[in-house]
Amino acid sequence: MEANTRSTGRLPAAFLTPGSSSFMDFLSDHSPEILPGNRSLPPMQGAVEAPHGTTIVAASFPGGVVLAGDRRATMGNMIAQRDIEKVFPADEYSAVGIAGTAGLAVEMVKLFQLELEHFEKVEGATLSLEGKANRLSTMIRSNLAMAMQGLAVVPLFAGYDVDRGKGRIFSYDVTGGRSEERGYAATGSGSVFARGSMKKLFRDDLTEEQTLTLVVQALYDAADDDSATGGPDVARRIYPIVTVITDEGFRRLDDAESSEIARAILERRLEQPDGPRAALL
């Protein structure tokens with residue numbers, strides 16, 4: 001079969017016949033060895049040193065949802081990369097931010113993008129936001145063996161639910177357990193500090209512009225207390241990746257927009273280093 005395929009230049013019939021709407025199921029049937037969760041790792045002693053992505057934050061507003069991430073990747077106590085990409089569009093109405101082992105996380109995102117595209121081509125319709133969140137949960141669960149060896153991937157998924165007409169946020173644990181978050185969420189090493197920042201500043205009636213400022217404030221607070229999270233780097237012109245998803249689809253803020261927000265926050269922090277204060281009552 002393989003030799004005949006090479007000589008004729010044609011794919012086997014199984015590759016041309018629509019089957020499961022899941023791209024992962026297709027790979028499991030025809031090339032299971034290339035799925036991340038099926039790869040065998042060599043024997044290891046001690047912790048594995050690999051670049052890790054750190055803090056991802058998300059917050060919803062009446063017209064949609066914002067997903068953002070810092071730009072630092074760490075390897076142990078070292079900075080592995082200062083300008084890593086951690087937030088990616090999953091499809092037109094959703095996005096995923098990665099925390100954990102950077103290489104595996106990026107690979108998982110690419111596979112997730114293919115999964116959603118494959119479903120749309122086979123079924124002729126887009127998967128619901130709930131369905132997308134479930135598919136990502138399955139992928140994370142398939143990585144459990146590597147997670148148990150220290151190579152965990154813990155993403156944050158957000159999107160605009162066209163059926164419900166609102167933005168929604170989903171967080172995960174290393175076993176693929178999924179939780180829908182209300183209003184805001186964070187994952188990664190600086191998530192405790194970012195979540196605490198958003199907890200005091202978040203309101204249900206925030207505008208899109210205010211929500212964009214909120215998530216950058218949260219990333220700044222995370223960087224203030226977590227050495228693995230990178231704050232805005234004005235000297236190198238490296239600013240957080242900030243994306244917004246509404247009924248018009250996914251949009252990533254360009255460098256001019258994200259730098260404007262970051263610089264405005266930095267100016268205010270010169271007067272109030274700990275950031276804005278929330279009212280006691």
# chains A, B, ... in the order shown; residues from 1 in each chain; ligands from 1
$ select_by_dssp --residues "region 68-160 of chain A" --states "strand (DSSP E)" --output "PDB file with all heavy atoms, in the first residue's frame"
ATOM      1  N   ALA A  68      -5.290  37.505  27.623  1.00  0.00           N
ATOM      2  CA  ALA A  68      -3.971  38.145  27.515  1.00  0.00           C
ATOM      3  C   ALA A  68      -2.919  37.307  28.230  1.00  0.00           C
ATOM      4  O   ALA A  68      -3.226  36.485  29.094  1.00  0.00           O
ATOM      5  CB  ALA A  68      -4.015  39.556  28.103  1.00  0.00           C
ATOM      6  N   GLY A  69      -1.669  37.550  27.869  1.00  0.00           N
ATOM      7  CA  GLY A  69      -0.572  36.825  28.501  1.00  0.00           C
ATOM      8  C   GLY A  69       0.699  37.649  28.507  1.00  0.00           C
ATOM      9  O   GLY A  69       0.895  38.519  27.648  1.00  0.00           O
ATOM     10  N   ALA A  73       9.253  33.367  29.148  1.00  0.00           N
ATOM     11  CA  ALA A  73       9.363  31.925  29.349  1.00  0.00           C
ATOM     12  C   ALA A  73      10.581  31.677  30.228  1.00  0.00           C
ATOM     13  O   ALA A  73      11.624  32.301  30.037  1.00  0.00           O
ATOM     14  CB  ALA A  73       9.509  31.188  28.023  1.00  0.00           C
ATOM     15  N   THR A  74      10.438  30.786  31.195  1.00  0.00           N
ATOM     16  CA  THR A  74      11.530  30.514  32.122  1.00  0.00           C
ATOM     17  C   THR A  74      11.995  29.067  32.003  1.00  0.00           C
ATOM     18  O   THR A  74      11.252  28.184  31.550  1.00  0.00           O
ATOM     19  CB  THR A  74      11.100  30.778  33.573  1.00  0.00           C
ATOM     20  OG1 THR A  74       9.982  29.929  33.898  1.00  0.00           O
ATOM     21  CG2 THR A  74      10.692  32.223  33.750  1.00  0.00           C
ATOM     22  N   MET A  75      13.237  28.830  32.428  1.00  0.00           N
ATOM     23  CA  MET A  75      13.785  27.474  32.495  1.00  0.00           C
ATOM     24  C   MET A  75      14.552  27.387  33.800  1.00  0.00           C
ATOM     25  O   MET A  75      15.685  27.860  33.906  1.00  0.00           O
ATOM     26  CB  MET A  75      14.680  27.186  31.292  1.00  0.00           C
ATOM     27  CG  MET A  75      15.090  25.727  31.155  1.00  0.00           C
ATOM     28  SD  MET A  75      15.664  25.308  29.482  1.00  0.00           S
ATOM     29  CE  MET A  75      17.007  26.472  29.270  1.00  0.00           C
ATOM     30  N   MET A  78      16.216  30.640  35.264  1.00  0.00           N
ATOM     31  CA  MET A  78      16.707  31.447  34.160  1.00  0.00           C
ATOM     32  C   MET A  78      15.555  31.915  33.270  1.00  0.00           C
ATOM     33  O   MET A  78      14.528  31.241  33.156  1.00  0.00           O
ATOM     34  CB  MET A  78      17.700  30.647  33.303  1.00  0.00           C
ATOM     35  CG  MET A  78      18.887  30.092  34.067  1.00  0.00           C
ATOM     36  SD  MET A  78      20.007  31.378  34.655  1.00  0.00           S
ATOM     37  CE  MET A  78      20.692  31.927  33.086  1.00  0.00           C
ATOM     38  N   ILE A  79      15.736  33.076  32.638  1.00  0.00           N
ATOM     39  CA  ILE A  79      14.790  33.530  31.625  1.00  0.00           C
ATOM     40  C   ILE A  79      15.173  32.878  30.305  1.00  0.00           C
ATOM     41  O   ILE A  79      16.262  33.131  29.764  1.00  0.00           O
ATOM     42  CB  ILE A  79      14.806  35.060  31.488  1.00  0.00           C
ATOM     43  CG1 ILE A  79      14.347  35.716  32.790  1.00  0.00           C
ATOM     44  CG2 ILE A  79      13.911  35.508  30.337  1.00  0.00           C
ATOM     45  CD1 ILE A  79      14.429  37.234  32.780  1.00  0.00           C
ATOM     46  N   ALA A  80      14.305  32.023  29.784  1.00  0.00           N
ATOM     47  CA  ALA A  80      14.597  31.304  28.547  1.00  0.00           C
ATOM     48  C   ALA A  80      14.280  32.154  27.323  1.00  0.00           C
ATOM     49  O   ALA A  80      14.962  32.065  26.305  1.00  0.00           O
ATOM     50  CB  ALA A  80      13.801  30.003  28.498  1.00  0.00           C
ATOM     51  N   GLN A  81      13.226  32.961  27.406  1.00  0.00           N
ATOM     52  CA  GLN A  81      12.824  33.811  26.287  1.00  0.00           C
ATOM     53  C   GLN A  81      12.029  34.992  26.830  1.00  0.00           C
ATOM     54  O   GLN A  81      11.216  34.842  27.738  1.00  0.00           O
ATOM     55  CB  GLN A  81      11.984  33.016  25.279  1.00  0.00           C
ATOM     56  CG  GLN A  81      11.682  33.766  23.998  1.00  0.00           C
ATOM     57  CD  GLN A  81      10.973  32.892  22.963  1.00  0.00           C
ATOM     58  OE1 GLN A  81      10.970  31.666  23.081  1.00  0.00           O
ATOM     59  NE2 GLN A  81      10.386  33.520  21.965  1.00  0.00           N
ATOM     60  N   VAL A  87      -0.566  33.458  23.480  1.00  0.00           N
ATOM     61  CA  VAL A  87      -2.001  33.544  23.198  1.00  0.00           C
ATOM     62  C   VAL A  87      -2.207  33.379  21.696  1.00  0.00           C
ATOM     63  O   VAL A  87      -1.598  34.100  20.898  1.00  0.00           O
ATOM     64  CB  VAL A  87      -2.589  34.880  23.682  1.00  0.00           C
ATOM     65  CG1 VAL A  87      -4.087  34.933  23.405  1.00  0.00           C
ATOM     66  CG2 VAL A  87      -2.318  35.072  25.168  1.00  0.00           C
ATOM     67  N   PHE A  88      -3.081  32.424  21.327  1.00  0.00           N
ATOM     68  CA  PHE A  88      -3.291  32.094  19.921  1.00  0.00           C
ATOM     69  C   PHE A  88      -4.782  32.028  19.605  1.00  0.00           C
ATOM     70  O   PHE A  88      -5.579  31.602  20.448  1.00  0.00           O
ATOM     71  CB  PHE A  88      -2.671  30.729  19.595  1.00  0.00           C
ATOM     72  CG  PHE A  88      -1.216  30.612  19.934  1.00  0.00           C
ATOM     73  CD1 PHE A  88      -0.817  30.187  21.194  1.00  0.00           C
ATOM     74  CD2 PHE A  88      -0.237  30.921  19.002  1.00  0.00           C
ATOM     75  CE1 PHE A  88       0.523  30.073  21.525  1.00  0.00           C
ATOM     76  CE2 PHE A  88       1.104  30.809  19.319  1.00  0.00           C
ATOM     77  CZ  PHE A  88       1.490  30.378  20.577  1.00  0.00           C
ATOM     78  N   PRO A  89      -5.172  32.401  18.388  1.00  0.00           N
ATOM     79  CA  PRO A  89      -6.567  32.176  17.995  1.00  0.00           C
ATOM     80  C   PRO A  89      -6.797  30.685  17.783  1.00  0.00           C
ATOM     81  O   PRO A  89      -5.964  30.001  17.176  1.00  0.00           O
ATOM     82  CB  PRO A  89      -6.678  32.954  16.674  1.00  0.00           C
ATOM     83  CG  PRO A  89      -5.283  32.991  16.136  1.00  0.00           C
ATOM     84  CD  PRO A  89      -4.379  33.050  17.329  1.00  0.00           C
ATOM     85  N   ALA A  90      -7.884  30.161  18.312  1.00  0.00           N
ATOM     86  CA  ALA A  90      -8.245  28.762  18.052  1.00  0.00           C
ATOM     87  C   ALA A  90      -9.058  28.674  16.766  1.00  0.00           C
ATOM     88  O   ALA A  90      -8.851  27.797  15.945  1.00  0.00           O
ATOM     89  CB  ALA A  90      -9.036  28.186  19.223  1.00  0.00           C
ATOM     90  N   ASP A  91      -9.992  29.593  16.619  1.00  0.00           N
ATOM     91  CA  ASP A  91     -10.733  29.780  15.375  1.00  0.00           C
ATOM     92  C   ASP A  91     -11.264  31.200  15.372  1.00  0.00           C
ATOM     93  O   ASP A  91     -10.752  32.058  16.095  1.00  0.00           O
ATOM     94  CB  ASP A  91     -11.839  28.728  15.211  1.00  0.00           C
ATOM     95  CG  ASP A  91     -12.945  28.840  16.258  1.00  0.00           C
ATOM     96  OD1 ASP A  91     -12.859  29.733  17.133  1.00  0.00           O
ATOM     97  OD2 ASP A  91     -13.902  28.051  16.202  1.00  0.00           O
ATOM     98  N   SER A  94     -12.767  32.085  19.079  1.00  0.00           N
ATOM     99  CA  SER A  94     -12.188  31.586  20.323  1.00  0.00           C
ATOM    100  C   SER A  94     -10.672  31.691  20.283  1.00  0.00           C
ATOM    101  O   SER A  94     -10.067  31.822  19.218  1.00  0.00           O
ATOM    102  CB  SER A  94     -12.615  30.132  20.583  1.00  0.00           C
ATOM    103  OG  SER A  94     -12.144  29.280  19.553  1.00  0.00           O
ATOM    104  N   ALA A  95     -10.076  31.630  21.465  1.00  0.00           N
ATOM    105  CA  ALA A  95      -8.626  31.726  21.587  1.00  0.00           C
ATOM    106  C   ALA A  95      -8.174  30.901  22.780  1.00  0.00           C
ATOM    107  O   ALA A  95      -8.954  30.583  23.679  1.00  0.00           O
ATOM    108  CB  ALA A  95      -8.194  33.181  21.753  1.00  0.00           C
ATOM    109  N   VAL A  96      -6.896  30.551  22.775  1.00  0.00           N
ATOM    110  CA  VAL A  96      -6.336  29.756  23.860  1.00  0.00           C
ATOM    111  C   VAL A  96      -5.007  30.359  24.284  1.00  0.00           C
ATOM    112  O   VAL A  96      -4.193  30.763  23.449  1.00  0.00           O
ATOM    113  CB  VAL A  96      -6.175  28.269  23.442  1.00  0.00           C
ATOM    114  CG1 VAL A  96      -5.287  28.126  22.220  1.00  0.00           C
ATOM    115  CG2 VAL A  96      -5.653  27.428  24.584  1.00  0.00           C
ATOM    116  N   GLY A  97      -4.813  30.462  25.601  1.00  0.00           N
ATOM    117  CA  GLY A  97      -3.551  30.936  26.156  1.00  0.00           C
ATOM    118  C   GLY A  97      -2.856  29.789  26.853  1.00  0.00           C
ATOM    119  O   GLY A  97      -3.496  28.981  27.529  1.00  0.00           O
ATOM    120  N   GLY A 100       2.677  26.399  31.147  1.00  0.00           N
ATOM    121  CA  GLY A 100       3.255  25.067  31.297  1.00  0.00           C
ATOM    122  C   GLY A 100       4.401  24.875  30.317  1.00  0.00           C
ATOM    123  O   GLY A 100       5.001  25.845  29.844  1.00  0.00           O
ATOM    124  N   THR A 101       4.715  23.634  29.993  1.00  0.00           N
ATOM    125  CA  THR A 101       5.828  23.314  29.105  1.00  0.00           C
ATOM    126  C   THR A 101       5.592  23.917  27.725  1.00  0.00           C
ATOM    127  O   THR A 101       4.676  23.516  27.009  1.00  0.00           O
ATOM    128  CB  THR A 101       6.009  21.795  28.995  1.00  0.00           C
ATOM    129  OG1 THR A 101       6.076  21.226  30.303  1.00  0.00           O
ATOM    130  CG2 THR A 101       7.285  21.462  28.234  1.00  0.00           C
ATOM    131  N   LEU A 156      -5.673  28.199  29.152  1.00  0.00           N
ATOM    132  CA  LEU A 156      -6.891  28.938  29.469  1.00  0.00           C
ATOM    133  C   LEU A 156      -7.596  29.167  28.135  1.00  0.00           C
ATOM    134  O   LEU A 156      -6.973  29.636  27.182  1.00  0.00           O
ATOM    135  CB  LEU A 156      -6.547  30.262  30.147  1.00  0.00           C
ATOM    136  CG  LEU A 156      -7.643  30.979  30.944  1.00  0.00           C
ATOM    137  CD1 LEU A 156      -8.139  30.115  32.098  1.00  0.00           C
ATOM    138  CD2 LEU A 156      -7.107  32.302  31.485  1.00  0.00           C
ATOM    139  N   PHE A 157      -8.872  28.803  28.066  1.00  0.00           N
ATOM    140  CA  PHE A 157      -9.625  28.890  26.818  1.00  0.00           C
ATOM    141  C   PHE A 157     -10.749  29.905  26.969  1.00  0.00           C
ATOM    142  O   PHE A 157     -11.454  29.917  27.980  1.00  0.00           O
ATOM    143  CB  PHE A 157     -10.205  27.515  26.466  1.00  0.00           C
ATOM    144  CG  PHE A 157     -11.064  27.498  25.227  1.00  0.00           C
ATOM    145  CD1 PHE A 157     -10.516  27.761  23.983  1.00  0.00           C
ATOM    146  CD2 PHE A 157     -12.421  27.209  25.312  1.00  0.00           C
ATOM    147  CE1 PHE A 157     -11.303  27.740  22.836  1.00  0.00           C
ATOM    148  CE2 PHE A 157     -13.222  27.178  24.179  1.00  0.00           C
ATOM    149  CZ  PHE A 157     -12.654  27.452  22.936  1.00  0.00           C
ATOM    150  N   ALA A 158     -10.903  30.772  25.981  1.00  0.00           N
ATOM    151  CA  ALA A 158     -11.942  31.799  26.035  1.00  0.00           C
ATOM    152  C   ALA A 158     -12.515  32.019  24.643  1.00  0.00           C
ATOM    153  O   ALA A 158     -11.829  31.818  23.635  1.00  0.00           O
ATOM    154  CB  ALA A 158     -11.382  33.107  26.584  1.00  0.00           C
ATOM    155  N   GLY A 159     -13.760  32.422  24.599  1.00  0.00           N
ATOM    156  CA  GLY A 159     -14.369  32.677  23.300  1.00  0.00           C
ATOM    157  C   GLY A 159     -15.708  33.367  23.425  1.00  0.00           C
ATOM    158  O   GLY A 159     -16.249  33.537  24.529  1.00  0.00           O
ATOM    159  N   TYR A 160     -16.228  33.760  22.283  1.00  0.00           N
ATOM    160  CA  TYR A 160     -17.549  34.382  22.236  1.00  0.00           C
ATOM    161  C   TYR A 160     -18.549  33.308  21.826  1.00  0.00           C
ATOM    162  O   TYR A 160     -18.412  32.688  20.767  1.00  0.00           O
ATOM    163  CB  TYR A 160     -17.563  35.536  21.239  1.00  0.00           C
ATOM    164  CG  TYR A 160     -18.893  36.254  21.175  1.00  0.00           C
ATOM    165  CD1 TYR A 160     -19.232  37.203  22.138  1.00  0.00           C
ATOM    166  CD2 TYR A 160     -19.815  35.974  20.172  1.00  0.00           C
ATOM    167  CE1 TYR A 160     -20.460  37.859  22.096  1.00  0.00           C
ATOM    168  CE2 TYR A 160     -21.038  36.619  20.122  1.00  0.00           C
ATOM    169  CZ  TYR A 160     -21.355  37.559  21.080  1.00  0.00           C
ATOM    170  OH  TYR A 160     -22.571  38.204  21.041  1.00  0.00           O
TER     171      TYR A 160
END
$ residues_around --residues "Ala58 (chain A)" --least-positions-apart "3" --cutoff "7 Å" --atoms "only C-alpha atoms" --output "number ranges by chain"
A: 66-68, 184-186, 215
$ write_last_selection --atoms "N, CA, C and O atoms" --output "short mmCIF file (atom, residue, chain, number, x, y, z; two decimals), in the first residue's frame"
data_model
loop_
_atom_site.label_atom_id
_atom_site.label_comp_id
_atom_site.auth_asym_id
_atom_site.auth_seq_id
_atom_site.Cartn_x
_atom_site.Cartn_y
_atom_site.Cartn_z
N VAL A 66 -11.81 39.11 26.95
CA VAL A 66 -10.42 39.48 26.68
C VAL A 66 -9.51 38.38 27.22
O VAL A 66 -9.72 37.90 28.35
N LEU A 67 -8.52 37.98 26.44
CA LEU A 67 -7.53 36.98 26.84
C LEU A 67 -6.15 37.58 26.61
O LEU A 67 -5.87 38.10 25.52
N ALA A 68 -5.29 37.50 27.62
CA ALA A 68 -3.97 38.14 27.52
C ALA A 68 -2.92 37.31 28.23
O ALA A 68 -3.23 36.48 29.09
N TYR A 184 -13.75 36.30 35.40
CA TYR A 184 -12.31 36.41 35.18
C TYR A 184 -11.63 35.12 35.60
O TYR A 184 -12.20 34.31 36.36
N ALA A 185 -10.42 34.92 35.11
CA ALA A 185 -9.66 33.72 35.45
C ALA A 185 -8.19 33.95 35.14
O ALA A 185 -7.83 34.87 34.39
N ALA A 186 -7.33 33.12 35.72
CA ALA A 186 -5.89 33.21 35.47
C ALA A 186 -5.28 31.82 35.63
O ALA A 186 -5.80 30.99 36.38
N VAL A 215 -6.88 43.55 32.49
CA VAL A 215 -6.02 42.37 32.33
C VAL A 215 -4.55 42.77 32.32
O VAL A 215 -3.69 42.03 32.85
#
$ closest_atom_pairs --of "region 133-159 of chain A" --to "region 107-128 of chain A" --cutoff "12 Å" --atoms "only C-alpha atoms" --output "tab-separated table"
residue	atom	partner	partner_atom	distance
A:Ala133	CA	A:Ser128	CA	8.7
A:Asn134	CA	A:Ser128	CA	9.8
A:Arg135	CA	A:Phe112	CA	7.9
A:Leu136	CA	A:Phe112	CA	6.7
A:Ser137	CA	A:Phe112	CA	10.3
A:Thr138	CA	A:Phe112	CA	10.2
A:Met139	CA	A:Met108	CA	7.3
A:Ile140	CA	A:Met108	CA	8.2
A:Arg141	CA	A:Met108	CA	11.4
A:Ser142	CA	A:Met108	CA	10.3
A:Asn143	CA	A:Met108	CA	9.2
A:Ala152	CA	A:Met108	CA	11.3
A:Val153	CA	A:Met108	CA	8.5
A:Val154	CA	A:Met108	CA	10.5
A:Pro155	CA	A:Val109	CA	9.1
A:Leu156	CA	A:Val109	CA	11.1
A:Phe157	CA	A:Val109	CA	10.6
A:Gly159	CA	A:Ser128	CA	10.3
$ write_last_selection --atoms "N, CA, C and O atoms" --output "compact mmCIF listing (two decimals), in the first residue's frame"
# COMPACT_ATOMS: atom_id res chain seq x y z
N ALA A 133 -14.50 23.57 24.04
CA ALA A 133 -13.91 23.42 25.38
C ALA A 133 -13.74 21.95 25.73
O ALA A 133 -12.74 21.56 26.35
N ASN A 134 -14.70 21.12 25.33
CA ASN A 134 -14.61 19.68 25.61
C ASN A 134 -13.49 19.03 24.81
O ASN A 134 -12.79 18.14 25.31
N ARG A 135 -13.32 19.43 23.55
CA ARG A 135 -12.25 18.87 22.72
C ARG A 135 -10.88 19.20 23.31
O ARG A 135 -9.98 18.36 23.34
N LEU A 136 -10.71 20.42 23.79
CA LEU A 136 -9.44 20.80 24.41
C LEU A 136 -9.20 20.00 25.68
O LEU A 136 -8.07 19.59 25.98
N SER A 137 -10.25 19.73 26.43
CA SER A 137 -10.14 18.92 27.64
C SER A 137 -9.60 17.53 27.31
O SER A 137 -8.74 17.00 28.03
N THR A 138 -10.09 16.94 26.22
CA THR A 138 -9.62 15.62 25.80
C THR A 138 -8.14 15.64 25.45
O THR A 138 -7.39 14.71 25.78
N MET A 139 -7.69 16.70 24.79
CA MET A 139 -6.28 16.81 24.43
C MET A 139 -5.39 16.92 25.66
O MET A 139 -4.32 16.30 25.72
N ILE A 140 -5.82 17.70 26.62
CA ILE A 140 -5.03 17.85 27.85
C ILE A 140 -4.94 16.52 28.58
O ILE A 140 -3.89 16.14 29.09
N ARG A 141 -6.05 15.78 28.62
CA ARG A 141 -6.06 14.48 29.29
C ARG A 141 -5.11 13.50 28.61
O ARG A 141 -4.48 12.67 29.27
N SER A 142 -4.98 13.59 27.29
CA SER A 142 -4.09 12.69 26.57
C SER A 142 -2.62 12.97 26.88
O SER A 142 -1.75 12.14 26.60
N ASN A 143 -2.33 14.13 27.46
CA ASN A 143 -0.97 14.49 27.83
C ASN A 143 -0.64 14.15 29.28
O ASN A 143 0.41 14.51 29.79
N ALA A 152 3.81 19.36 32.12
CA ALA A 152 2.39 19.66 32.13
C ALA A 152 2.06 20.83 31.20
O ALA A 152 2.88 21.71 30.95
N VAL A 153 0.83 20.81 30.67
CA VAL A 153 0.29 21.91 29.88
C VAL A 153 -1.05 22.29 30.50
O VAL A 153 -1.94 21.45 30.64
N VAL A 154 -1.19 23.56 30.90
CA VAL A 154 -2.43 24.01 31.55
C VAL A 154 -2.91 25.29 30.86
O VAL A 154 -2.52 26.39 31.26
N PRO A 155 -3.71 25.17 29.81
CA PRO A 155 -4.15 26.36 29.08
C PRO A 155 -5.37 27.04 29.69
O PRO A 155 -5.99 26.53 30.63
N LEU A 156 -5.67 28.20 29.15
CA LEU A 156 -6.89 28.94 29.47
C LEU A 156 -7.60 29.17 28.14
O LEU A 156 -6.97 29.64 27.18
N PHE A 157 -8.87 28.80 28.07
CA PHE A 157 -9.62 28.89 26.82
C PHE A 157 -10.75 29.91 26.97
O PHE A 157 -11.45 29.92 27.98
N GLY A 159 -13.76 32.42 24.60
CA GLY A 159 -14.37 32.68 23.30
C GLY A 159 -15.71 33.37 23.43
O GLY A 159 -16.25 33.54 24.53
$ closest_residue --among "A:Pro62, A:Gly249, A:Asp255, A:Glu180" --to "Glu92 (chain A)" --atoms "only C-alpha atoms"
A:Gly249
$ closest_residue --among "A:Lys200, A:Arg251, A:Arg268, A:Lys86" --to "Val57 (chain A)" --atoms "only C-alpha atoms"
A:Lys86
$ select_by_dssp --residues "region 116-169 of chain A" --states "helix (DSSP H, G or I)" --output "list in words"
Leu116, Glu117, His118, Phe119, Glu120, Lys121, Val122, Glu123, Leu129, Glu130, Gly131, Lys132, Ala133, Asn134, Arg135, Leu136, Ser137, Thr138, Met139, Ile140, Arg141, Ser142, Leu144, Ala145, Met146 and Ala147 of chain A
$ closest_residue --among "A:Ser227, A:Thr207, A:Thr54, A:Thr246" --to "Ile84 (chain A)" --atoms "only C-alpha atoms"
A:Thr54
$ atom_distance --atom1 "CA of Arg237 (chain A)" --atom2 "CA of Asp83 (chain A)"
9.8 Å
$ closest_residue --among "A:Arg72, A:Val174, A:Arg195, A:Ile169" --to "Met146 (chain A)" --atoms "only C-alpha atoms"
A:Val174
